[in-house]
Amino acid sequence: MQTLRYPNGDTMPMIGLGTWKSAPGEVYEAVKAAIALGYRHIDCALIYGNETEIGRALSESLQSGVVTRDELWITSKLWNDSHAPKDVEAGLKQTLTDLQLDYLDLYLMHWPVAIKKGEGFPLTKEKLIGLEELPIATTWQAMESLVQAGLTRHIGVSNFSIAKLRSLLDTATIRPVMNQVELHPYLQQTELLEFAQAQNVFLTGYSPLGSSDRPASLKAKDEPVLLEDPTIVEIADRHQATPAQVLIRWAMQRGTAVIPKSVNPARIEQNLAAAQLTLTDEDMAAIAALDRHRRYVDGSIWVVEDGPYTLANLWDE
Ligand code: A2P
C-alpha cells in the first residue's frame, strides 16, 4: 500500500477505512473485516458515537495477532465542545479509553468551530463560542501538549480553509501535519491542495464517494450522485474497475490520503483494491474537468441566527 511519509519517518497508508455514519452495530464487523483484508489505517472521531465498538475490534485484532499496534495508523478527532484548553486532554483520553489504545497516530481538531462543553444539537447562538473568544491557537497549544505527553504521535486539523491553516502555521510550535477536508471530483480544492503541499501539510479527503448515506436532514434535494457521474462510470468501465475505485485512486494520484466508508465486506475489499488501479493522464484530465465547487458537507449546521459562524467566515470564501 502506498503511504504518506511524515518528517519523523512515520508512514500513513493512503487508504483508510472511514467510520463516519457506520452504525455501532455494524462498525465492529467492518473494522475486523477491514484489518483482516489488509487495511492498516482507520479514521475515527469521538462524535461518530462508535469508538467503543471500534475499540473492541481493534483490541481483538491486536490480541489475535492479525496485526501489531505499530502497523496500524489510528486517527481520531477532538470534538467542538472540548476546545477549551482544560478539556482537550480529557477529550483525547476518552477516545483512547473507548478505542482501547494508549496512543493515537494522529489527533485532529474536528472543526474550526467551538461549542460550549456538553452542548449539542439543535444549536443556538448561546451554545456556540466565537473564535475571538476561544481562538484556534489556544486550543492548538493544548493539542501540542498531547504530543509532548506521548498521547498522540501527530496533530492536525480538519475542515480548515487556506486562511485558517496559514494563520495556524504562523503561530504553531508543533506544526499541523494534516488537514482532513471534503475532497472528490466535484470539490477538488486544488488551491488548498497546492498551498498544503507547499507547506508540507498533507490532505486527507473525506466523503470521497459522495457520502450518499448522510442523514436526510443534511442532504440537498438536487444532490448530484458522484458514483453515477457518466465520466467516472466511463473511466471505470474502461479499466474494468468500479466507480468507487476510480474515485479512490484519483485521490491517491493527487497525493492525498482518502477514507472511503463502508460497512460491507465486499465493498471494503473493493475499495482497498483501488490501490492496484492506474489512471492515465487523460483520465486525470477528464476528472479535473468535473470540478464544480460542490460541498456535500457545507457547514451550515454551524450557522444559527445571530451566531458567530457564517458560511463565509467558516470557509473564508
Ligand atoms: P456501505 O457502507 O453500505 O458500503 P463516503 O465514503 O463518501 O462517505 O461514502 C459512503 C457511502 O458509499 C456509503 O453509503 C457506503 O455504503 C457507500 N459505498 C462504500 N463503498 C462503496 C463502493 N465500493 N461502491 C458503492 N458504494 C460504496
# chains A, B, ... in the order shown; residues from 1 in each chain; ligands from 1
call {"tool": "residues_around", "arguments": {"residues": "Val113 (chain A)", "least_positions_apart": "6", "cutoff": "10 Å", "atoms": "only C-alpha atoms", "output": "PyMOL selection string"}}
result
chain A and resi 79-81+83+128-131+134-136+159+299+302+308-309+314
call {"tool": "residues_near_ligand", "arguments": {"ligand": "ligand 1", "cutoff": "8 Å", "atoms": "only C-alpha atoms and all ligand atoms", "output": "ChimeraX atom specification"}}
result
/A:18,20-22,206-214,227,242-245,259-268,270-271
call {"tool": "residues_around", "arguments": {"residues": "region 163-179 of chain A", "least_positions_apart": "6", "cutoff": "8 Å", "atoms": "only C-alpha atoms", "output": "ChimeraX atom specification"}}
result
/A:6,108,136-137,140-141,144,154-157,200-204,316
call {"tool": "write_last_selection", "arguments": {"atoms": "all heavy atoms", "output": "short mmCIF file (atom, residue, chain, number, x, y, z; two decimals), in the first residue's frame"}}
result
data_model
loop_
_atom_site.label_atom_id
_atom_site.label_comp_id
_atom_site.auth_asym_id
_atom_site.auth_seq_id
_atom_site.Cartn_x
_atom_site.Cartn_y
_atom_site.Cartn_z
N TYR A 6 5.75 11.13 6.93
CA TYR A 6 5.87 12.34 7.73
C TYR A 6 7.33 12.67 7.99
O TYR A 6 8.20 11.78 7.87
CB TYR A 6 5.12 12.16 9.07
CG TYR A 6 3.62 12.14 8.86
CD1 TYR A 6 2.95 10.95 8.60
CD2 TYR A 6 2.89 13.32 8.86
CE1 TYR A 6 1.58 10.93 8.37
CE2 TYR A 6 1.52 13.30 8.64
CZ TYR A 6 0.88 12.11 8.39
OH TYR A 6 -0.48 12.11 8.15
N LEU A 108 -6.90 15.12 15.35
CA LEU A 108 -7.26 16.31 14.58
C LEU A 108 -8.26 17.18 15.34
O LEU A 108 -9.15 16.66 16.03
CB LEU A 108 -7.92 15.89 13.25
CG LEU A 108 -7.14 14.93 12.35
CD1 LEU A 108 -7.99 14.57 11.12
CD2 LEU A 108 -5.82 15.54 11.92
N ILE A 136 -8.43 29.48 17.88
CA ILE A 136 -7.87 28.21 17.43
C ILE A 136 -6.48 28.01 18.03
O ILE A 136 -6.11 26.91 18.46
CB ILE A 136 -7.83 28.19 15.89
CG1 ILE A 136 -9.25 27.97 15.36
CG2 ILE A 136 -6.88 27.11 15.37
CD1 ILE A 136 -9.42 28.27 13.89
N ALA A 137 -5.69 29.09 18.09
CA ALA A 137 -4.32 28.98 18.60
C ALA A 137 -4.29 28.50 20.05
O ALA A 137 -3.36 27.80 20.47
CB ALA A 137 -3.60 30.32 18.46
N TRP A 140 -5.01 24.87 19.99
CA TRP A 140 -3.84 24.20 19.39
C TRP A 140 -2.73 23.99 20.41
O TRP A 140 -2.10 22.93 20.44
CB TRP A 140 -3.34 25.00 18.18
CG TRP A 140 -2.29 24.23 17.44
CD1 TRP A 140 -0.94 24.46 17.44
CD2 TRP A 140 -2.50 23.07 16.62
NE1 TRP A 140 -0.29 23.51 16.68
CE2 TRP A 140 -1.22 22.65 16.16
CE3 TRP A 140 -3.62 22.34 16.23
CZ2 TRP A 140 -1.06 21.53 15.33
CZ3 TRP A 140 -3.45 21.23 15.40
CH2 TRP A 140 -2.19 20.85 14.97
N GLN A 141 -2.49 25.01 21.24
CA GLN A 141 -1.44 24.87 22.27
C GLN A 141 -1.71 23.67 23.16
O GLN A 141 -0.80 22.93 23.52
CB GLN A 141 -1.41 26.12 23.15
CG GLN A 141 -0.46 27.16 22.63
CD GLN A 141 -0.34 28.33 23.61
OE1 GLN A 141 -0.93 28.34 24.68
NE2 GLN A 141 0.43 29.32 23.21
N GLU A 144 -0.83 20.61 21.33
CA GLU A 144 0.64 20.40 21.30
C GLU A 144 1.10 19.63 22.55
O GLU A 144 1.97 18.76 22.47
CB GLU A 144 1.36 21.74 21.19
CG GLU A 144 1.17 22.38 19.81
CD GLU A 144 1.75 23.79 19.71
OE1 GLU A 144 1.92 24.45 20.77
OE2 GLU A 144 2.02 24.23 18.58
N HIS A 154 1.05 12.57 16.25
CA HIS A 154 0.94 13.75 15.38
C HIS A 154 -0.36 14.48 15.69
O HIS A 154 -1.32 13.87 16.16
CB HIS A 154 0.92 13.32 13.90
CG HIS A 154 2.14 12.57 13.49
ND1 HIS A 154 3.29 13.18 13.06
CD2 HIS A 154 2.40 11.24 13.48
CE1 HIS A 154 4.20 12.25 12.79
NE2 HIS A 154 3.70 11.07 13.05
N ILE A 155 -0.40 15.77 15.36
CA ILE A 155 -1.64 16.53 15.47
C ILE A 155 -1.90 17.26 14.15
O ILE A 155 -0.97 17.58 13.39
CB ILE A 155 -1.62 17.54 16.66
CG1 ILE A 155 -0.32 18.35 16.70
CG2 ILE A 155 -1.87 16.81 17.98
CD1 ILE A 155 -0.28 19.42 17.79
N GLY A 156 -3.17 17.51 13.92
CA GLY A 156 -3.56 18.18 12.69
C GLY A 156 -4.95 18.79 12.86
O GLY A 156 -5.46 18.90 13.98
N VAL A 157 -5.52 19.16 11.73
CA VAL A 157 -6.81 19.86 11.74
C VAL A 157 -7.74 19.24 10.70
O VAL A 157 -7.32 18.39 9.91
CB VAL A 157 -6.62 21.38 11.47
CG1 VAL A 157 -5.83 22.02 12.61
CG2 VAL A 157 -5.94 21.63 10.12
N ASN A 200 4.15 21.52 3.30
CA ASN A 200 4.35 20.18 3.89
C ASN A 200 3.24 19.75 4.83
O ASN A 200 3.49 19.16 5.87
CB ASN A 200 5.69 20.09 4.61
CG ASN A 200 6.84 20.09 3.62
OD1 ASN A 200 6.76 19.42 2.61
ND2 ASN A 200 7.85 20.90 3.89
N VAL A 201 2.03 20.10 4.46
CA VAL A 201 0.85 19.61 5.19
C VAL A 201 0.14 18.65 4.23
O VAL A 201 -0.07 18.98 3.07
CB VAL A 201 -0.10 20.78 5.55
CG1 VAL A 201 -1.36 20.26 6.21
CG2 VAL A 201 0.60 21.80 6.44
N PHE A 202 -0.20 17.45 4.71
CA PHE A 202 -0.93 16.51 3.86
C PHE A 202 -2.43 16.80 3.94
O PHE A 202 -2.91 17.36 4.93
CB PHE A 202 -0.68 15.07 4.32
CG PHE A 202 0.72 14.58 4.05
CD1 PHE A 202 1.51 14.11 5.09
CD2 PHE A 202 1.24 14.57 2.76
CE1 PHE A 202 2.80 13.64 4.84
CE2 PHE A 202 2.52 14.10 2.51
CZ PHE A 202 3.31 13.63 3.55
N LEU A 203 -3.16 16.38 2.91
CA LEU A 203 -4.62 16.42 2.97
C LEU A 203 -5.14 14.98 2.97
O LEU A 203 -4.59 14.10 2.31
CB LEU A 203 -5.22 17.13 1.75
CG LEU A 203 -4.92 18.62 1.55
CD1 LEU A 203 -5.79 19.15 0.39
CD2 LEU A 203 -5.15 19.44 2.81
N THR A 204 -6.20 14.77 3.75
CA THR A 204 -6.99 13.54 3.66
C THR A 204 -8.37 13.95 3.15
O THR A 204 -8.95 14.92 3.65
CB THR A 204 -7.16 12.87 5.05
OG1 THR A 204 -5.88 12.45 5.52
CG2 THR A 204 -8.09 11.66 4.97
N ASP A 316 -13.99 30.95 4.79
CA ASP A 316 -13.22 32.12 4.33
C ASP A 316 -13.38 32.32 2.82
O ASP A 316 -12.43 32.58 2.09
CB ASP A 316 -11.74 31.98 4.73
CG ASP A 316 -11.58 31.91 6.25
OD1 ASP A 316 -12.00 32.88 6.93
OD2 ASP A 316 -11.09 30.89 6.76
#
call {"tool": "residues_around", "arguments": {"residues": "Thr95 (chain A)", "least_positions_apart": "3", "cutoff": "7 Å", "atoms": "only C-alpha atoms", "output": "number ranges by chain"}}
result
A: 46, 51, 91-92, 98-99
call {"tool": "write_last_selection", "arguments": {"atoms": "C-alpha atoms", "output": "compact mmCIF listing (two decimals), in the first residue's frame"}}
result
# COMPACT_ATOMS: atom_id res chain seq x y z
CA LEU A 46 -15.50 10.84 19.17
CA GLU A 51 -15.43 4.40 19.09
CA GLY A 91 -11.27 14.59 25.02
CA LEU A 92 -8.31 12.56 23.80
CA ASP A 98 -13.00 3.89 24.01
CA LEU A 99 -10.54 2.71 21.35
call {"tool": "closest_residue", "arguments": {"among": "A:Pro24, A:Gly150, A:Gly255, A:Pro185", "to": "Asp291 (chain A)", "atoms": "only C-alpha atoms"}}
result
A:Pro185
call {"tool": "atom_distance", "arguments": {"atom1": "CA of Leu146 (chain A)", "atom2": "CA of Tyr107 (chain A)"}}
result
9.0 Å
call {"tool": "closest_residue", "arguments": {"among": "A:Leu72, A:Ala274, A:Val27, A:Ile47", "to": "Gln94 (chain A)", "atoms": "only C-alpha atoms"}}
result
A:Ile47
call {"tool": "atom_distance", "arguments": {"atom1": "CA of Thr310 (chain A)", "atom2": "CA of His184 (chain A)"}}
result
23.4 Å
call {"tool": "residues_around", "arguments": {"residues": "Trp73 (chain A)", "least_positions_apart": "5", "cutoff": "7 Å", "atoms": "only C-alpha atoms", "output": "tab-separated table (two decimals) with all heavy atoms, in the first residue's frame"}}
result
chain	number	residue	atom	x	y	z
A	12	MET	N	1.86	6.76	6.84
A	12	MET	CA	0.40	6.57	6.95
A	12	MET	C	-0.12	5.99	5.63
A	12	MET	O	0.07	6.61	4.58
A	12	MET	CB	-0.24	7.94	7.20
A	12	MET	CG	-1.75	7.90	7.26
A	12	MET	SD	-2.44	9.53	7.67
A	12	MET	CE	-3.17	9.92	6.10
A	40	ARG	N	-4.76	-0.86	7.17
A	40	ARG	CA	-3.91	-0.57	8.33
A	40	ARG	C	-4.16	0.84	8.85
A	40	ARG	O	-3.42	1.32	9.72
A	40	ARG	CB	-2.42	-0.74	7.94
A	40	ARG	CG	-2.04	-2.19	7.63
A	40	ARG	CD	-2.15	-3.05	8.88
A	40	ARG	NE	-1.88	-4.48	8.65
A	40	ARG	CZ	-2.81	-5.41	8.48
A	40	ARG	NH1	-4.12	-5.08	8.51
A	40	ARG	NH2	-2.49	-6.67	8.31
A	41	HIS	N	-5.15	1.53	8.29
A	41	HIS	CA	-5.45	2.92	8.66
A	41	HIS	C	-6.96	3.02	8.89
A	41	HIS	O	-7.74	2.69	8.00
A	41	HIS	CB	-4.95	3.81	7.50
A	41	HIS	CG	-5.43	5.24	7.52
A	41	HIS	ND1	-5.13	6.11	6.50
A	41	HIS	CD2	-6.16	5.95	8.40
A	41	HIS	CE1	-5.65	7.31	6.76
A	41	HIS	NE2	-6.29	7.23	7.90
A	42	ILE	N	-7.33	3.43	10.11
A	42	ILE	CA	-8.74	3.58	10.45
A	42	ILE	C	-8.96	5.02	10.89
A	42	ILE	O	-8.23	5.53	11.75
A	42	ILE	CB	-9.16	2.64	11.62
A	42	ILE	CG1	-8.61	1.21	11.44
A	42	ILE	CG2	-10.68	2.65	11.81
A	42	ILE	CD1	-9.27	0.36	10.40
A	105	ASP	N	-2.13	7.77	16.47
A	105	ASP	CA	-1.14	8.21	15.49
A	105	ASP	C	-1.38	9.66	15.09
A	105	ASP	O	-0.43	10.41	14.84
A	105	ASP	CB	-1.19	7.29	14.27
A	105	ASP	CG	-0.78	5.89	14.67
A	105	ASP	OD1	0.43	5.66	14.79
A	105	ASP	OD2	-1.66	5.05	14.97
call {"tool": "select_by_dssp", "arguments": {"residues": "region 102-142 of chain A", "states": "helix (DSSP H, G or I)", "output": "list in words"}}
result
Lys125, Glu126, Lys127, Ile136, Ala137, Thr138, Thr139, Trp140, Gln141 and Ala142 of chain A
call {"tool": "write_last_selection", "arguments": {"atoms": "all heavy atoms", "output": "PDB file, in the first residue's frame"}}
result
ATOM      1  N   LYS A 125     -27.400  30.249  19.349  1.00  0.00           N
ATOM      2  CA  LYS A 125     -26.218  31.098  19.462  1.00  0.00           C
ATOM      3  C   LYS A 125     -25.628  31.035  20.871  1.00  0.00           C
ATOM      4  O   LYS A 125     -24.425  31.164  21.047  1.00  0.00           O
ATOM      5  CB  LYS A 125     -26.502  32.536  19.027  1.00  0.00           C
ATOM      6  CG  LYS A 125     -27.371  33.303  19.959  1.00  0.00           C
ATOM      7  CD  LYS A 125     -27.442  34.749  19.505  1.00  0.00           C
ATOM      8  CE  LYS A 125     -28.181  35.478  20.543  1.00  0.00           C
ATOM      9  NZ  LYS A 125     -28.692  36.665  20.579  1.00  0.00           N
ATOM     10  N   GLU A 126     -26.464  30.754  21.864  1.00  0.00           N
ATOM     11  CA  GLU A 126     -25.965  30.657  23.247  1.00  0.00           C
ATOM     12  C   GLU A 126     -25.039  29.451  23.428  1.00  0.00           C
ATOM     13  O   GLU A 126     -24.210  29.439  24.337  1.00  0.00           O
ATOM     14  CB  GLU A 126     -27.118  30.550  24.248  1.00  0.00           C
ATOM     15  CG  GLU A 126     -27.923  31.833  24.451  1.00  0.00           C
ATOM     16  CD  GLU A 126     -28.853  32.139  23.283  1.00  0.00           C
ATOM     17  OE1 GLU A 126     -29.243  31.201  22.554  1.00  0.00           O
ATOM     18  OE2 GLU A 126     -29.166  33.335  23.083  1.00  0.00           O
ATOM     19  N   LYS A 127     -25.204  28.424  22.606  1.00  0.00           N
ATOM     20  CA  LYS A 127     -24.384  27.214  22.762  1.00  0.00           C
ATOM     21  C   LYS A 127     -23.041  27.322  22.045  1.00  0.00           C
ATOM     22  O   LYS A 127     -22.164  26.477  22.262  1.00  0.00           O
ATOM     23  CB  LYS A 127     -25.142  25.995  22.215  1.00  0.00           C
ATOM     24  CG  LYS A 127     -26.415  25.655  22.983  1.00  0.00           C
ATOM     25  CD  LYS A 127     -27.005  24.373  22.396  1.00  0.00           C
ATOM     26  CE  LYS A 127     -28.317  24.002  23.081  1.00  0.00           C
ATOM     27  NZ  LYS A 127     -28.894  22.790  22.481  1.00  0.00           N
ATOM     28  N   ILE A 136      -8.430  29.483  17.882  1.00  0.00           N
ATOM     29  CA  ILE A 136      -7.866  28.211  17.430  1.00  0.00           C
ATOM     30  C   ILE A 136      -6.477  28.015  18.027  1.00  0.00           C
ATOM     31  O   ILE A 136      -6.115  26.911  18.455  1.00  0.00           O
ATOM     32  CB  ILE A 136      -7.827  28.188  15.886  1.00  0.00           C
ATOM     33  CG1 ILE A 136      -9.248  27.968  15.357  1.00  0.00           C
ATOM     34  CG2 ILE A 136      -6.878  27.110  15.369  1.00  0.00           C
ATOM     35  CD1 ILE A 136      -9.423  28.271  13.893  1.00  0.00           C
ATOM     36  N   ALA A 137      -5.692  29.092  18.090  1.00  0.00           N
ATOM     37  CA  ALA A 137      -4.319  28.978  18.596  1.00  0.00           C
ATOM     38  C   ALA A 137      -4.293  28.503  20.051  1.00  0.00           C
ATOM     39  O   ALA A 137      -3.365  27.802  20.469  1.00  0.00           O
ATOM     40  CB  ALA A 137      -3.601  30.321  18.456  1.00  0.00           C
ATOM     41  N   THR A 138      -5.308  28.872  20.815  1.00  0.00           N
ATOM     42  CA  THR A 138      -5.381  28.464  22.223  1.00  0.00           C
ATOM     43  C   THR A 138      -5.646  26.960  22.325  1.00  0.00           C
ATOM     44  O   THR A 138      -5.009  26.250  23.106  1.00  0.00           O
ATOM     45  CB  THR A 138      -6.522  29.253  22.920  1.00  0.00           C
ATOM     46  OG1 THR A 138      -6.267  30.634  22.726  1.00  0.00           O
ATOM     47  CG2 THR A 138      -6.611  28.935  24.395  1.00  0.00           C
ATOM     48  N   THR A 139      -6.587  26.491  21.534  1.00  0.00           N
ATOM     49  CA  THR A 139      -6.878  25.051  21.506  1.00  0.00           C
ATOM     50  C   THR A 139      -5.654  24.280  20.992  1.00  0.00           C
ATOM     51  O   THR A 139      -5.300  23.219  21.511  1.00  0.00           O
ATOM     52  CB  THR A 139      -8.101  24.788  20.595  1.00  0.00           C
ATOM     53  OG1 THR A 139      -9.184  25.594  21.062  1.00  0.00           O
ATOM     54  CG2 THR A 139      -8.495  23.322  20.594  1.00  0.00           C
ATOM     55  N   TRP A 140      -5.009  24.868  19.988  1.00  0.00           N
ATOM     56  CA  TRP A 140      -3.843  24.199  19.386  1.00  0.00           C
ATOM     57  C   TRP A 140      -2.727  23.993  20.410  1.00  0.00           C
ATOM     58  O   TRP A 140      -2.105  22.929  20.442  1.00  0.00           O
ATOM     59  CB  TRP A 140      -3.337  24.995  18.176  1.00  0.00           C
ATOM     60  CG  TRP A 140      -2.286  24.227  17.437  1.00  0.00           C
ATOM     61  CD1 TRP A 140      -0.939  24.458  17.441  1.00  0.00           C
ATOM     62  CD2 TRP A 140      -2.497  23.071  16.618  1.00  0.00           C
ATOM     63  NE1 TRP A 140      -0.292  23.514  16.683  1.00  0.00           N
ATOM     64  CE2 TRP A 140      -1.216  22.650  16.160  1.00  0.00           C
ATOM     65  CE3 TRP A 140      -3.624  22.343  16.229  1.00  0.00           C
ATOM     66  CZ2 TRP A 140      -1.059  21.534  15.334  1.00  0.00           C
ATOM     67  CZ3 TRP A 140      -3.454  21.234  15.402  1.00  0.00           C
ATOM     68  CH2 TRP A 140      -2.191  20.849  14.973  1.00  0.00           C
ATOM     69  N   GLN A 141      -2.494  25.009  21.239  1.00  0.00           N
ATOM     70  CA  GLN A 141      -1.445  24.874  22.274  1.00  0.00           C
ATOM     71  C   GLN A 141      -1.712  23.670  23.163  1.00  0.00           C
ATOM     72  O   GLN A 141      -0.799  22.926  23.521  1.00  0.00           O
ATOM     73  CB  GLN A 141      -1.410  26.122  23.152  1.00  0.00           C
ATOM     74  CG  GLN A 141      -0.455  27.160  22.634  1.00  0.00           C
ATOM     75  CD  GLN A 141      -0.335  28.333  23.606  1.00  0.00           C
ATOM     76  OE1 GLN A 141      -0.932  28.336  24.684  1.00  0.00           O
ATOM     77  NE2 GLN A 141       0.429  29.325  23.209  1.00  0.00           N
ATOM     78  N   ALA A 142      -2.979  23.491  23.511  1.00  0.00           N
ATOM     79  CA  ALA A 142      -3.330  22.341  24.354  1.00  0.00           C
ATOM     80  C   ALA A 142      -3.133  21.038  23.585  1.00  0.00           C
ATOM     81  O   ALA A 142      -2.734  20.014  24.160  1.00  0.00           O
ATOM     82  CB  ALA A 142      -4.775  22.466  24.838  1.00  0.00           C
TER      83      ALA A 142
END
call {"tool": "closest_residue", "arguments": {"among": "A:Gln63, A:Gln100, A:Gln180, A:Gln148", "to": "Lys77 (chain A)", "atoms": "only C-alpha atoms"}}
result
A:Gln180
call {"tool": "closest_residue", "arguments": {"among": "A:Leu272, A:Ala57, A:Ile162, A:Val225", "to": "Ala196 (chain A)", "atoms": "only C-alpha atoms"}}
result
A:Ile162
call {"tool": "closest_residue", "arguments": {"among": "A:Ile115, A:Val246, A:Val181, A:Ala241", "to": "Arg295 (chain A)", "atoms": "only C-alpha atoms"}}
result
A:Val181
call {"tool": "atom_distance", "arguments": {"atom1": "CA of Glu119 (chain A)", "atom2": "CA of Thr75 (chain A)"}}
result
23.8 Å
call {"tool": "residues_around", "arguments": {"residues": "Leu62 (chain A)", "least_positions_apart": "6", "cutoff": "10 Å", "atoms": "only C-alpha atoms", "output": "list in words"}}
result
Ile35, Arg56, Thr68, Arg69 and Leu72 of chain A
call {"tool": "write_last_selection", "arguments": {"atoms": "C-alpha atoms", "output": "PDB file, in the first residue's frame"}}
result
ATOM      1  CA  ILE A  35      -7.990  -5.298   9.154  1.00  0.00           C
ATOM      2  CA  ARG A  56     -13.410  -3.806  20.606  1.00  0.00           C
ATOM      3  CA  THR A  68       0.520  -5.190  15.660  1.00  0.00           C
ATOM      4  CA  ARG A  69      -0.099  -1.736  17.084  1.00  0.00           C
ATOM      5  CA  LEU A  72      -1.788   0.391  12.489  1.00  0.00           C
TER       6      LEU A  72
END
call {"tool": "closest_residue", "arguments": {"among": "A:Glu182, A:Arg153, A:Ser158, A:Gln276", "to": "Asn8 (chain A)", "atoms": "only C-alpha atoms"}}
result
A:Arg153
call {"tool": "select_by_dssp", "arguments": {"residues": "region 36-154 of chain A", "states": "strand (DSSP E)", "output": "PDB file with C-alpha atoms, in the first residue's frame"}}
result
ATOM      1  CA  HIS A  41      -5.447   2.920   8.657  1.00  0.00           C
ATOM      2  CA  ILE A  42      -8.744   3.577  10.452  1.00  0.00           C
ATOM      3  CA  ASP A  43     -10.263   7.055  10.641  1.00  0.00           C
ATOM      4  CA  TRP A  73      -2.473   4.065  11.838  1.00  0.00           C
ATOM      5  CA  ILE A  74      -5.322   5.322  14.018  1.00  0.00           C
ATOM      6  CA  THR A  75      -6.705   8.833  13.613  1.00  0.00           C
ATOM      7  CA  SER A  76      -9.351  10.449  15.823  1.00  0.00           C
ATOM      8  CA  LYS A  77     -10.715  13.954  16.342  1.00  0.00           C
ATOM      9  CA  LEU A  78     -11.285  16.447  19.151  1.00  0.00           C
ATOM     10  CA  LEU A 104      -3.099   7.716  18.672  1.00  0.00           C
ATOM     11  CA  ASP A 105      -1.136   8.213  15.486  1.00  0.00           C
ATOM     12  CA  LEU A 106      -2.980  11.399  14.588  1.00  0.00           C
ATOM     13  CA  TYR A 107      -5.389  13.641  16.507  1.00  0.00           C
ATOM     14  CA  LEU A 108      -7.264  16.310  14.580  1.00  0.00           C
ATOM     15  CA  MET A 109      -9.211  19.391  15.613  1.00  0.00           C
ATOM     16  CA  ALA A 114     -16.309  25.870  19.263  1.00  0.00           C
ATOM     17  CA  ILE A 115     -19.365  24.776  21.243  1.00  0.00           C
ATOM     18  CA  LEU A 128     -21.690  28.431  20.362  1.00  0.00           C
ATOM     19  CA  ILE A 129     -18.434  30.204  21.192  1.00  0.00           C
ATOM     20  CA  THR A 152      -0.620  11.111  20.083  1.00  0.00           C
ATOM     21  CA  ARG A 153       2.254  10.949  17.608  1.00  0.00           C
ATOM     22  CA  HIS A 154       0.937  13.750  15.377  1.00  0.00           C
TER      23      HIS A 154
END
call {"tool": "decode", "arguments": {"residues": "region 229-266 of chain A", "atoms": "C-alpha atoms", "output": "mmCIF file, in the first residue's frame"}}
result
data_model
loop_
_atom_site.group_PDB
_atom_site.id
_atom_site.type_symbol
_atom_site.label_atom_id
_atom_site.label_comp_id
_atom_site.auth_asym_id
_atom_site.auth_seq_id
_atom_site.Cartn_x
_atom_site.Cartn_y
_atom_site.Cartn_z
ATOM 1 C CA ASP A 229 -21.246 10.507 -12.871
ATOM 2 C CA PRO A 230 -21.028 9.482 -16.572
ATOM 3 C CA THR A 231 -17.329 10.406 -16.837
ATOM 4 C CA ILE A 232 -16.458 8.378 -13.720
ATOM 5 C CA VAL A 233 -18.573 5.438 -14.921
ATOM 6 C CA GLU A 234 -16.941 5.544 -18.374
ATOM 7 C CA ILE A 235 -13.408 5.550 -16.907
ATOM 8 C CA ALA A 236 -14.340 2.726 -14.541
ATOM 9 C CA ASP A 237 -15.741 0.589 -17.372
ATOM 10 C CA ARG A 238 -12.638 1.122 -19.487
ATOM 11 C CA HIS A 239 -10.387 -0.066 -16.636
ATOM 12 C CA GLN A 240 -12.744 -2.895 -15.635
ATOM 13 C CA ALA A 241 -12.953 -1.205 -12.273
ATOM 14 C CA THR A 242 -15.853 0.278 -10.295
ATOM 15 C CA PRO A 243 -16.739 3.994 -9.996
ATOM 16 C CA ALA A 244 -15.753 3.880 -6.305
ATOM 17 C CA GLN A 245 -12.311 2.552 -7.224
ATOM 18 C CA VAL A 246 -11.821 5.354 -9.758
ATOM 19 C CA LEU A 247 -12.715 7.960 -7.114
ATOM 20 C CA ILE A 248 -10.342 6.425 -4.557
ATOM 21 C CA ARG A 249 -7.479 6.042 -6.999
ATOM 22 C CA TRP A 250 -7.971 9.622 -8.270
ATOM 23 C CA ALA A 251 -7.468 10.857 -4.691
ATOM 24 C CA MET A 252 -4.254 8.834 -4.334
ATOM 25 C CA GLN A 253 -2.837 10.033 -7.641
ATOM 26 C CA ARG A 254 -3.288 13.614 -6.426
ATOM 27 C CA GLY A 255 -1.124 12.767 -3.417
ATOM 28 C CA THR A 256 -3.924 12.796 -0.858
ATOM 29 C CA ALA A 257 -4.992 10.176 1.650
ATOM 30 C CA VAL A 258 -8.587 9.001 1.293
ATOM 31 C CA ILE A 259 -11.032 7.404 3.733
ATOM 32 C CA PRO A 260 -13.948 5.683 1.964
ATOM 33 C CA LYS A 261 -16.562 4.498 4.456
ATOM 34 C CA SER A 262 -18.138 1.110 4.099
ATOM 35 C CA VAL A 263 -19.654 -1.451 6.427
ATOM 36 C CA ASN A 264 -19.963 -4.046 3.661
ATOM 37 C CA PRO A 265 -17.032 -6.517 3.481
ATOM 38 C CA ALA A 266 -17.174 -6.878 -0.326
#
